[in-house]
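Source file: data_2.cif. Holds: mmCIF, C-alpha atoms.
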data_work
loop_
_atom_site.label_atom_id
_atom_site.label_comp_id
_atom_site.auth_asym_id
_atom_site.auth_seq_id
_atom_site.Cartn_x
_atom_site.Cartn_y
_atom_site.Cartn_z
CA MET N 23 0.00 0.00 0.00
CA ARG N 24 0.96 3.67 -0.18
CA ALA N 25 1.67 5.57 3.02
CA LEU N 26 3.23 8.82 4.21
CA THR N 27 6.54 7.92 5.88
CA TRP N 28 9.13 9.83 7.88
CA GLN N 29 12.57 9.75 6.26
CA GLY N 30 14.51 12.35 8.27
CA ASN N 31 14.35 15.90 9.58
CA LEU N 32 11.96 17.92 7.41
CA ASP N 33 11.66 14.95 5.05
CA VAL N 34 8.41 13.00 4.67
CA ARG N 35 7.54 10.97 1.57
CA VAL N 36 4.75 8.79 0.25
CA THR N 37 6.25 5.34 -0.28
CA ASP N 38 5.25 1.70 -0.71
CA VAL N 39 4.99 -0.19 2.58
CA PRO N 40 3.61 -3.66 3.42
CA ASP N 41 -0.14 -3.91 3.83
CA PRO N 42 -1.18 -4.23 7.49
CA ARG N 43 -2.49 -7.59 8.66
CA ILE N 44 -4.34 -8.97 11.64
CA GLN N 45 -1.74 -9.68 14.34
CA GLU N 46 -3.94 -10.15 17.42
CA PRO N 47 -7.48 -11.53 17.75
CA ASN N 48 -8.74 -8.09 18.84
CA ASP N 49 -7.32 -6.26 15.81
CA ALA N 50 -9.26 -4.78 12.91
CA ILE N 51 -8.14 -3.47 9.52
CA ILE N 52 -9.75 -0.43 7.95
CA ALA N 53 -9.52 1.02 4.48
CA VAL N 54 -8.79 4.68 5.16
CA THR N 55 -11.18 7.05 3.39
CA SER N 56 -9.97 10.31 4.99
CA THR N 57 -7.04 11.22 7.20
CA ALA N 58 -5.86 14.61 8.42
CA ILE N 59 -2.57 16.31 9.22
CA CYS N 60 -2.41 17.41 12.86
CA GLY N 61 -0.40 20.22 14.38
CA SER N 62 1.39 17.68 16.55
CA ASP N 63 2.48 15.85 13.37
CA LEU N 64 4.61 18.91 12.69
CA HIS N 65 6.60 18.24 15.87
CA LEU N 66 7.81 15.05 14.18
CA TYR N 67 9.34 17.14 11.41
CA GLY N 68 12.23 18.09 13.65
CA VAL N 69 11.79 18.25 17.42
CA LEU N 70 10.86 14.58 17.97
CA GLY N 71 12.86 13.20 15.05
CA PRO N 72 15.28 11.29 17.33
CA TYR N 73 12.43 8.95 18.27
CA LEU N 74 11.54 8.07 14.66
CA SER N 75 13.11 5.69 12.16
CA PRO N 76 13.12 6.09 8.37
CA GLY N 77 10.02 4.41 7.01
CA ASP N 78 7.78 5.01 10.05
CA VAL N 79 4.19 5.61 8.91
CA LEU N 80 2.78 8.85 10.30
CA GLY N 81 -0.69 10.12 11.09
CA HIS N 82 -3.19 9.72 13.90
CA GLU N 83 -6.42 11.27 12.58
CA ALA N 84 -8.12 8.66 10.44
CA MET N 85 -11.47 7.15 9.53
CA GLY N 86 -12.61 4.57 7.05
CA VAL N 87 -14.41 1.30 6.41
CA VAL N 88 -13.70 -1.99 8.19
CA THR N 89 -12.28 -4.60 5.81
CA GLU N 90 -11.24 -7.34 8.24
CA VAL N 91 -11.66 -8.17 11.94
CA GLY N 92 -9.86 -10.50 14.32
CA ALA N 93 -11.45 -13.59 15.82
CA ASP N 94 -12.37 -11.88 19.11
CA ILE N 95 -14.11 -8.87 17.57
CA THR N 96 -17.90 -9.01 17.84
CA SER N 97 -18.76 -5.31 17.96
CA LEU N 98 -17.54 -4.55 14.43
CA ALA N 99 -18.26 -6.12 11.06
CA VAL N 100 -16.80 -5.78 7.59
CA GLY N 101 -18.38 -2.75 5.96
CA ASP N 102 -18.84 -0.74 9.15
CA ARG N 103 -17.85 2.91 8.87
CA VAL N 104 -15.67 4.03 11.77
CA VAL N 105 -13.60 6.87 13.19
CA VAL N 106 -10.41 5.79 14.96
CA PRO N 107 -9.36 7.64 18.15
CA PHE N 108 -5.72 8.65 18.09
CA ASN N 109 -4.92 6.98 21.41
CA ILE N 110 -5.14 3.21 21.71
CA SER N 111 -7.04 2.08 24.79
CA CYS N 112 -8.55 -1.19 25.94
CA GLY N 113 -11.66 0.06 27.73
CA HIS N 114 -11.40 -2.32 30.70
CA CYS N 115 -8.23 -1.57 32.72
CA TRP N 116 -8.12 0.50 35.94
CA MET N 117 -7.38 3.74 34.07
CA CYS N 118 -9.98 3.15 31.36
CA GLY N 119 -12.53 2.37 34.07
CA ARG N 120 -12.04 5.95 35.28
CA GLY N 121 -12.29 7.48 31.83
CA LEU N 122 -8.54 8.10 31.65
CA TYR N 123 -8.17 6.45 28.25
CA ALA N 124 -4.94 8.29 27.36
CA GLN N 125 -3.34 6.49 30.33
CA CYS N 126 -4.61 2.99 29.42
CA GLU N 127 -2.61 0.45 31.43
CA THR N 128 -2.94 -2.21 28.73
CA THR N 129 -1.19 -0.14 26.06
CA GLN N 130 1.05 2.09 28.22
CA VAL N 131 4.55 2.34 26.75
CA ARG N 132 6.24 1.56 30.05
CA GLU N 133 9.77 1.23 28.68
CA GLN N 134 9.58 4.90 27.73
CA GLY N 135 7.64 5.96 30.82
CA LYS N 136 4.74 7.13 28.67
CA GLY N 137 0.97 6.69 28.62
CA ALA N 138 -1.24 4.88 26.14
CA ALA N 139 0.16 4.01 22.73
CA LEU N 140 -0.66 6.43 19.90
CA PHE N 141 -1.00 5.88 16.19
CA GLY N 142 1.89 7.15 14.08
CA TYR N 143 3.74 8.89 16.89
CA THR N 144 7.32 7.78 17.53
CA SER N 145 8.89 5.08 19.67
CA LEU N 146 7.92 7.12 22.72
CA TYR N 147 4.35 6.02 22.09
CA GLY N 148 4.81 2.51 20.78
CA SER N 149 5.90 2.94 17.14
CA VAL N 150 2.41 1.98 15.97
CA PRO N 151 2.02 2.58 12.19
CA GLY N 152 -0.21 5.56 11.55
CA GLY N 153 -3.24 6.42 9.49
CA GLN N 154 -1.86 8.58 6.68
CA ALA N 155 -2.04 5.49 4.53
CA GLN N 156 -4.40 3.45 2.42
CA PHE N 157 -5.01 0.91 5.20
CA LEU N 158 -4.65 0.94 8.99
CA ARG N 159 -4.34 -1.84 11.53
CA VAL N 160 -6.35 -0.94 14.64
CA PRO N 161 -5.29 -2.70 17.87
CA GLN N 162 -7.82 -2.96 20.74
CA ALA N 163 -10.59 -2.79 18.17
CA GLN N 164 -13.06 -4.24 20.68
CA PHE N 165 -13.15 -0.74 22.22
CA GLY N 166 -11.44 1.96 20.17
CA PRO N 167 -13.23 2.49 16.85
CA VAL N 168 -16.34 4.67 16.92
CA LYS N 169 -19.09 3.43 14.60
CA ILE N 170 -20.75 6.24 12.67
CA PRO N 171 -23.68 6.44 10.24
CA GLN N 172 -23.11 5.30 6.68
CA ASP N 173 -24.37 8.59 5.28
CA GLY N 174 -22.90 12.07 5.56
CA PRO N 175 -19.53 13.41 4.36
CA ASP N 176 -16.37 12.12 6.03
CA GLU N 177 -15.58 15.48 7.53
CA GLN N 178 -18.79 15.45 9.51
CA TYR N 179 -17.09 12.79 11.65
CA LEU N 180 -13.34 12.78 10.87
CA PHE N 181 -12.39 15.29 13.56
CA LEU N 182 -13.79 13.00 16.28
CA SER N 183 -10.48 11.16 15.93
CA ASP N 184 -8.53 13.89 17.73
CA VAL N 185 -9.27 17.56 17.15
CA LEU N 186 -12.79 17.73 18.56
CA PRO N 187 -12.15 15.60 21.70
CA THR N 188 -8.90 17.46 22.38
CA ALA N 189 -10.70 20.79 22.08
CA TYR N 190 -13.65 19.59 24.17
CA GLN N 191 -11.32 18.36 26.92
CA ALA N 192 -9.49 21.71 26.88
CA VAL N 193 -12.80 23.49 27.42
CA ALA N 194 -13.93 21.02 30.10
CA TYR N 195 -10.62 21.38 31.96
CA ALA N 196 -10.83 25.19 31.72
CA ASP N 197 -14.20 25.01 33.50
CA THR N 198 -15.03 28.62 32.69
CA PRO N 199 -18.11 30.02 34.47
CA LYS N 200 -20.96 30.56 31.99
CA ASP N 201 -20.90 34.28 32.74
CA GLY N 202 -17.10 34.38 32.63
CA THR N 203 -14.35 34.95 30.08
CA LEU N 204 -12.23 32.31 28.37
CA ALA N 205 -9.08 33.25 26.44
CA VAL N 206 -7.74 30.84 23.82
CA LEU N 207 -4.11 31.20 22.78
CA GLY N 208 -3.62 29.92 19.24
CA LEU N 209 -6.44 29.62 16.71
CA GLY N 210 -5.17 26.64 14.79
CA PRO N 211 -7.47 23.58 14.64
CA ILE N 212 -7.51 22.89 18.40
CA GLY N 213 -7.88 26.52 19.38
CA GLN N 214 -10.58 27.11 16.75
CA PHE N 215 -12.72 24.26 17.99
CA SER N 216 -12.02 25.10 21.64
CA ALA N 217 -13.36 28.60 21.06
CA ARG N 218 -16.33 27.37 19.04
CA ILE N 219 -17.24 24.65 21.55
CA ALA N 220 -17.03 27.09 24.47
CA ARG N 221 -19.35 29.50 22.71
CA HIS N 222 -21.73 26.69 21.74
CA LEU N 223 -21.87 25.49 25.36
CA GLY N 224 -22.77 28.98 26.54
CA THR N 225 -19.57 30.67 27.67
CA GLU N 226 -20.49 34.35 27.57
CA ARG N 227 -17.17 35.73 26.33
CA VAL N 228 -14.37 34.01 24.42
CA ILE N 229 -11.24 35.85 23.30
CA GLY N 230 -8.97 34.22 20.71
CA VAL N 231 -5.32 35.23 20.25
CA ASP N 232 -3.50 34.50 16.99
CA PRO N 233 -1.24 36.47 14.61
CA VAL N 234 -2.80 34.97 11.44
CA PRO N 235 -5.65 37.14 10.09
CA GLY N 236 -7.50 34.25 8.44
CA ARG N 237 -7.58 32.29 11.67
CA ARG N 238 -8.90 35.25 13.62
CA ALA N 239 -11.58 35.78 10.98
CA ALA N 240 -12.60 32.10 11.14
CA ALA N 241 -13.08 32.34 14.92
CA ALA N 242 -14.89 35.67 14.73
CA ARG N 243 -17.63 34.07 12.62
CA PHE N 244 -18.55 32.03 15.71
CA GLY N 245 -18.82 34.98 18.07
CA VAL N 246 -15.22 35.00 19.28
CA GLU N 247 -13.45 38.28 20.02
CA THR N 248 -9.93 38.27 18.64
CA VAL N 249 -6.54 39.78 19.43
CA ASP N 250 -3.51 40.09 17.16
CA PRO N 251 -0.49 39.56 19.47
CA ARG N 252 1.72 41.43 17.03
CA GLU N 253 -0.10 44.63 17.91
CA THR N 254 1.02 44.59 21.54
CA SER N 255 4.31 44.06 23.33
CA ASP N 256 2.45 42.46 26.25
CA THR N 257 -0.22 39.93 25.29
CA ALA N 258 -0.95 38.98 28.90
CA GLY N 259 -1.34 42.63 29.80
CA ARG N 260 -3.72 43.15 26.88
CA LEU N 261 -5.94 40.26 28.05
CA ILE N 262 -5.95 41.63 31.60
CA GLU N 263 -6.87 45.07 30.29
CA MET N 264 -9.75 43.58 28.25
CA THR N 265 -11.18 41.95 31.38
CA GLY N 266 -11.34 44.98 33.65
CA GLY N 267 -7.87 44.52 35.12
CA ARG N 268 -8.65 41.09 36.57
CA GLY N 269 -7.73 38.67 33.79
CA PRO N 270 -9.75 35.92 32.06
CA ASP N 271 -11.35 33.29 34.29
CA ALA N 272 -9.54 30.62 32.28
CA VAL N 273 -6.95 30.45 29.51
CA ILE N 274 -6.43 27.61 27.05
CA ASP N 275 -2.91 27.17 25.66
CA ALA N 276 -3.57 25.57 22.27
CA VAL N 277 -0.06 26.32 20.96
CA GLY N 278 2.50 24.10 22.69
CA MET N 279 6.21 23.47 22.47
CA GLU N 280 7.00 25.36 19.30
CA ALA N 281 5.35 28.65 20.23
CA HIS N 282 6.62 31.83 18.65
CA GLY N 283 6.17 35.16 20.37
CA HIS N 284 7.83 38.36 21.40
CA ASP N 285 6.62 38.46 25.01
CA GLU N 286 9.75 36.55 26.00
CA ALA N 287 11.68 36.75 22.77
CA ALA N 288 15.18 35.97 24.07
CA ALA N 289 14.12 32.86 25.99
CA GLY N 290 11.97 31.69 23.09
CA LYS N 291 14.82 32.11 20.60
CA LEU N 292 17.21 30.21 22.86
CA ALA N 293 14.72 27.33 23.16
CA GLU N 294 14.25 27.28 19.38
CA VAL N 295 18.00 27.03 18.81
CA ALA N 296 18.23 24.27 21.43
CA GLN N 297 15.43 22.29 19.79
CA ARG N 298 17.10 22.48 16.39
CA ALA N 299 20.48 21.54 17.81
CA VAL N 300 19.10 18.44 19.52
CA GLY N 301 17.43 17.43 16.26
CA LEU N 302 20.85 17.33 14.57
CA LEU N 303 22.44 15.00 17.13
CA PRO N 304 22.74 11.25 16.56
CA ASP N 305 19.48 9.60 17.67
CA GLY N 306 20.90 7.83 20.73
CA VAL N 307 22.50 11.00 22.04
CA ALA N 308 19.50 13.15 21.15
CA GLN N 309 17.13 10.82 22.99
CA LYS N 310 19.21 11.05 26.17
CA VAL N 311 19.42 14.84 25.94
CA THR N 312 15.67 15.11 25.32
CA ASP N 313 14.89 12.79 28.23
CA ILE N 314 16.82 14.83 30.80
CA ALA N 315 17.33 18.32 29.43
CA ALA N 316 14.76 19.13 26.72
CA VAL N 317 13.36 22.65 26.58
CA ASP N 318 10.25 24.11 25.02
CA ARG N 319 9.39 27.51 23.63
CA LEU N 320 7.21 28.73 26.47
CA ASP N 321 5.84 32.02 25.14
CA ALA N 322 2.24 30.84 25.03
CA LEU N 323 2.29 29.01 28.35
CA HIS N 324 3.87 31.96 30.16
CA VAL N 325 1.29 34.31 28.64
CA ALA N 326 -1.43 31.96 29.87
CA VAL N 327 -0.23 31.80 33.48
CA LYS N 328 0.42 35.54 33.63
CA ALA N 329 -2.90 36.53 32.05
CA VAL N 330 -5.32 34.28 33.94
CA ARG N 331 -7.04 35.86 36.93
CA ARG N 332 -6.21 34.93 40.51
CA GLY N 333 -7.78 31.57 41.30
CA GLY N 334 -8.26 30.92 37.57
CA THR N 335 -7.43 27.89 35.48
CA VAL N 336 -4.91 27.32 32.68
CA SER N 337 -5.88 24.41 30.44
CA VAL N 338 -3.05 23.10 28.27
CA SER N 339 -3.87 21.20 25.10
CA GLY N 340 -0.74 22.18 23.15
CA VAL N 341 1.91 19.45 23.20
CA TYR N 342 5.01 19.97 25.35
CA GLY N 343 8.09 17.79 25.57
CA GLY N 344 10.50 19.68 27.83
CA GLU N 345 12.10 18.32 31.01
CA ILE N 346 13.71 21.48 32.41
CA ASP N 347 11.26 24.20 31.40
CA PRO N 348 11.37 27.21 33.75
CA MET N 349 8.01 28.25 35.18
CA PRO N 350 7.07 31.25 37.40
CA LEU N 351 6.02 29.01 40.28
CA MET N 352 6.10 31.67 42.99
CA GLU N 353 3.69 33.82 40.99
CA MET N 354 1.49 30.83 40.16
CA PHE N 355 1.38 29.75 43.81
CA ASP N 356 0.66 33.24 45.11
CA ARG N 357 -2.13 33.76 42.59
CA GLY N 358 -3.65 30.31 43.14
CA VAL N 359 -3.46 29.33 39.47
CA GLN N 360 -4.79 25.88 38.60
CA LEU N 361 -3.06 24.00 35.78
CA ARG N 362 -4.70 21.09 33.91
CA MET N 363 -3.30 19.28 30.90
CA GLY N 364 -2.74 16.00 29.09
CA GLN N 365 -3.51 13.92 26.04
CA ALA N 366 -7.20 13.86 25.27
CA HIS N 367 -9.22 10.91 26.58
CA VAL N 368 -10.97 10.63 23.22
CA LYS N 369 -13.69 8.08 24.00
CA ARG N 370 -14.65 9.99 27.17
CA TRP N 371 -15.99 12.89 25.13
CA ILE N 372 -17.59 11.16 22.12
CA ASP N 373 -21.11 11.04 23.59
CA ASP N 374 -20.93 14.78 24.33
CA LEU N 375 -19.68 15.62 20.85
CA MET N 376 -21.82 13.33 18.70
CA PRO N 377 -24.97 15.49 18.97
CA MET N 378 -22.96 18.49 17.81
CA VAL N 379 -21.57 16.78 14.71
CA THR N 380 -24.87 15.13 13.75
CA ASP N 381 -26.83 18.39 14.16
CA THR N 382 -27.86 19.39 10.64
CA SER N 383 -27.17 23.04 11.47
CA ASP N 384 -23.47 22.14 11.92
CA PRO N 385 -23.00 24.43 14.95
CA LEU N 386 -19.21 23.90 15.07
CA GLY N 387 -18.62 24.26 11.34
CA VAL N 388 -17.03 20.83 10.98
CA THR N 389 -18.02 20.19 7.36
CA SER N 390 -16.46 23.43 6.14
CA PHE N 391 -13.47 23.41 8.50
CA ALA N 392 -10.72 21.94 6.28
CA THR N 393 -9.18 24.50 3.98
CA HIS N 394 -7.21 22.04 1.84
CA HIS N 395 -8.11 18.63 0.42
CA LEU N 396 -5.27 16.68 -1.18
CA PRO N 397 -4.70 13.16 -2.45
CA LEU N 398 -2.39 11.13 -0.23
CA GLU N 399 0.36 11.38 -2.84
CA GLN N 400 0.56 15.13 -2.18
CA ALA N 401 0.91 14.73 1.61
CA PRO N 402 4.45 16.24 1.73
CA HIS N 403 3.07 19.39 0.13
CA GLY N 404 0.29 19.36 2.71
CA TYR N 405 2.86 19.26 5.53
CA ASP N 406 4.71 22.21 4.03
CA ILE N 407 1.71 24.51 3.62
CA PHE N 408 0.30 23.55 7.04
CA ARG N 409 3.63 24.22 8.75
CA ASP N 410 4.10 27.53 6.94
CA LYS N 411 0.43 28.59 7.28
CA ALA N 412 0.63 29.21 3.53
CA ASP N 413 -2.31 29.73 1.19
CA GLY N 414 -4.66 30.32 4.11
CA CYS N 415 -4.09 26.78 5.36
CA LEU N 416 -5.92 25.89 8.57
CA LYS N 417 -6.46 22.15 8.16
CA VAL N 418 -5.37 19.60 5.54
CA VAL N 419 -7.43 16.49 4.82
CA LEU N 420 -5.84 13.73 2.75
CA GLN N 421 -7.77 11.20 0.69
CA PRO N 422 -6.01 7.88 0.06
#
Any chance you could give the structure as structure tokens?
Amino acid sequence: MRALTWQGNLDVRVTDVPDPRIQEPNDAIIAVTSTAICGSDLHLYGVLGPYLSPGDVLGHEAMGVVTEVGADITSLAVGDRVVVPFNISCGHCWMCGRGLYAQCETTQVREQGKGAALFGYTSLYGSVPGGQAQFLRVPQAQFGPVKIPQDGPDEQYLFLSDVLPTAYQAVAYADTPKDGTLAVLGLGPIGQFSARIARHLGTERVIGVDPVPGRRAAAARFGVETVDPRETSDTAGRLIEMTGGRGPDAVIDAVGMEAHGHDEAAAGKLAEVAQRAVGLLPDGVAQKVTDIAAVDRLDALHVAVKAVRRGGTVSVSGVYGGEIDPMPLMEMFDRGVQLRMGQAHVKRWIDDLMPMVTDTSDPLGVTSFATHHLPLEQAPHGYDIFRDKADGCLKVVLQP
């Protein structure tokens, strides 16, 4: 089959790889009909390269049609249409029993000290072949895949694989009072849906922060106020000013480890240089350095903790990988800031999200969300325009 594979720093290619096959009795195979490029896929371009090997199949946002099931699978049948959550969870362990599916004890990658295995996301998370391919093997298929109606366009459901649950969890963790204010840093896919979901659920005021005009305009159509961080030297101060000198009740950091900003330009530039330098080291050395001394670009996270009101909550959905990141802990402690974060527990939020995506009024704008649709063969181009925010790119959907 054809699949998008990692070949080295800033080098992904569509190549021929072996077709997946049933390996365990609770596996399923799906023919992928749509798969998307995620912002966290871009981290694999350089920052997390030491944990990849040439030929690894990428991608963790996929849906399709079941073509084969293992002997123990009774809940799925050939021909079923399914969305595949990006984290692989069993549904019956201690963690899954508490809805903590991203920490599934059955698939935890213990040798790396990490949580549940993920599709297409490095040896840190199990080296499971991903979904930017013509076919996908789905482990733990007795629980993971979400059956969806046979009708309706793929994109009505595709984002249930990652983007929508991640955004919903960010909003749930923020726990903004209905009459309060939520600020969302970054209006890429996660930030866009976080802002839209919060508004749909009744949050009175949502403020989105992003330097890209098209992204601000997309959020504004859903009743979100917007801020261009390039127009101020102090984004946190601007958010505090907009909320009567108190600060937003909650702030979502939907940016993560590769944030760019001028609020802490020197520190951010140093972290960027460090990330690139580690990416050039031999894999064994780079892995050790990352494990004990990795740093992130913290512009967005520091804006979040400095902007949120006293006693407020910072909800982190952007991916971080640092081990020695400096944080203003005295200020956070004094101000009573709550911090919540983590991989999304996808299946935990599906029942909440399904009415929104099946609503014929499309309240979240899922069917018109993707700005670019490309055949799988053009996936490298999709990575480039998504990374560079070129041609108004907000989300790329690939069709194998």
To verify the selection step, state as a CSV table (one decimal) with C-alpha atoms, in the coordinates of the input which residues the PyMOL selection byres ((chain N and resi 200) around 8) yields on this input.
chain,number,residue,atom,x,y,z
N,198,THR,CA,-15.0,28.6,32.7
N,199,PRO,CA,-18.1,30.0,34.5
N,201,ASP,CA,-20.9,34.3,32.7
N,202,GLY,CA,-17.1,34.4,32.6
N,224,GLY,CA,-22.8,29.0,26.5
N,225,THR,CA,-19.6,30.7,27.7
N,226,GLU,CA,-20.5,34.4,27.6
Hey, what comes out of the PyMOL selection byres ((chain N and resi 245) around 9) on this file? Could you write it as a PDB file with C-alpha atoms, in the coordinates of the input?
ATOM      1  CA  ALA N 217     -13.360  28.600  21.060  1.00  0.00           C
ATOM      2  CA  ARG N 218     -16.330  27.370  19.040  1.00  0.00           C
ATOM      3  CA  ARG N 221     -19.350  29.500  22.710  1.00  0.00           C
ATOM      4  CA  ARG N 227     -17.170  35.730  26.330  1.00  0.00           C
ATOM      5  CA  VAL N 228     -14.370  34.010  24.420  1.00  0.00           C
ATOM      6  CA  ALA N 241     -13.080  32.340  14.920  1.00  0.00           C
ATOM      7  CA  ALA N 242     -14.890  35.670  14.730  1.00  0.00           C
ATOM      8  CA  ARG N 243     -17.630  34.070  12.620  1.00  0.00           C
ATOM      9  CA  PHE N 244     -18.550  32.030  15.710  1.00  0.00           C
ATOM     10  CA  VAL N 246     -15.220  35.000  19.280  1.00  0.00           C
ATOM     11  CA  GLU N 247     -13.450  38.280  20.020  1.00  0.00           C
TER      12      GLU N 247
END
Counting only C-alpha atoms, the option among N:Val79, N:Ile407, N:Met117, N:Cys60 closest to Ala25 of chain N |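 Of N:Val79, N:Ile407, N:Met117, N:Cys60, the one nearest Ala25 of chain N, counting only C-alpha atoms, is N:Val79.
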Selected residue, from N:Gly30, N:Gly71, N:Pro161, N:Pro171, that lies nearest to Gln45 of chain N when counting only C-alpha atoms | N:Pro161
Judged by only C-alpha atoms, the minimum distance to Ile51 of chain N among N:Ala124, N:Leu32, N:Leu74, N:Val100 is found for N:Val100
Between N:Pro385, N:Phe215, N:Val206, N:Pro402, which has the minimum distance to Ala329 of chain N (counting all atoms listed in the file)?
-> N:Val206
Each residue of segment 23-115 of chain N with at least one atom at most 12 Å from segment 348-367 of chain N should appear once, together with its nearest atom pair and the corresponding distance in Å (one decimal); atoms considered: only C-alpha atoms; ordering: chain, then increasing residue number; output as CSV.
residue,atom,partner,partner_atom,distance
N:Ser62,CA,N:Gln365,CA,11.3
N:Pro107,CA,N:His367,CA,9.0
N:Phe108,CA,N:Ala366,CA,9.0
N:Asn109,CA,N:His367,CA,7.8
N:Ile110,CA,N:His367,CA,10.0
N:Ser111,CA,N:His367,CA,9.3
N:Gly113,CA,N:His367,CA,11.2
Point out the residue among N:Ala194, N:Val88, N:Val36, N:Leu26 with the least atom-to-atom distance to Val160 of chain N, counting all atoms listed in the file.
->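 Counting all atoms listed in the file, the residue closest to Val160 of chain N is N:Val88.
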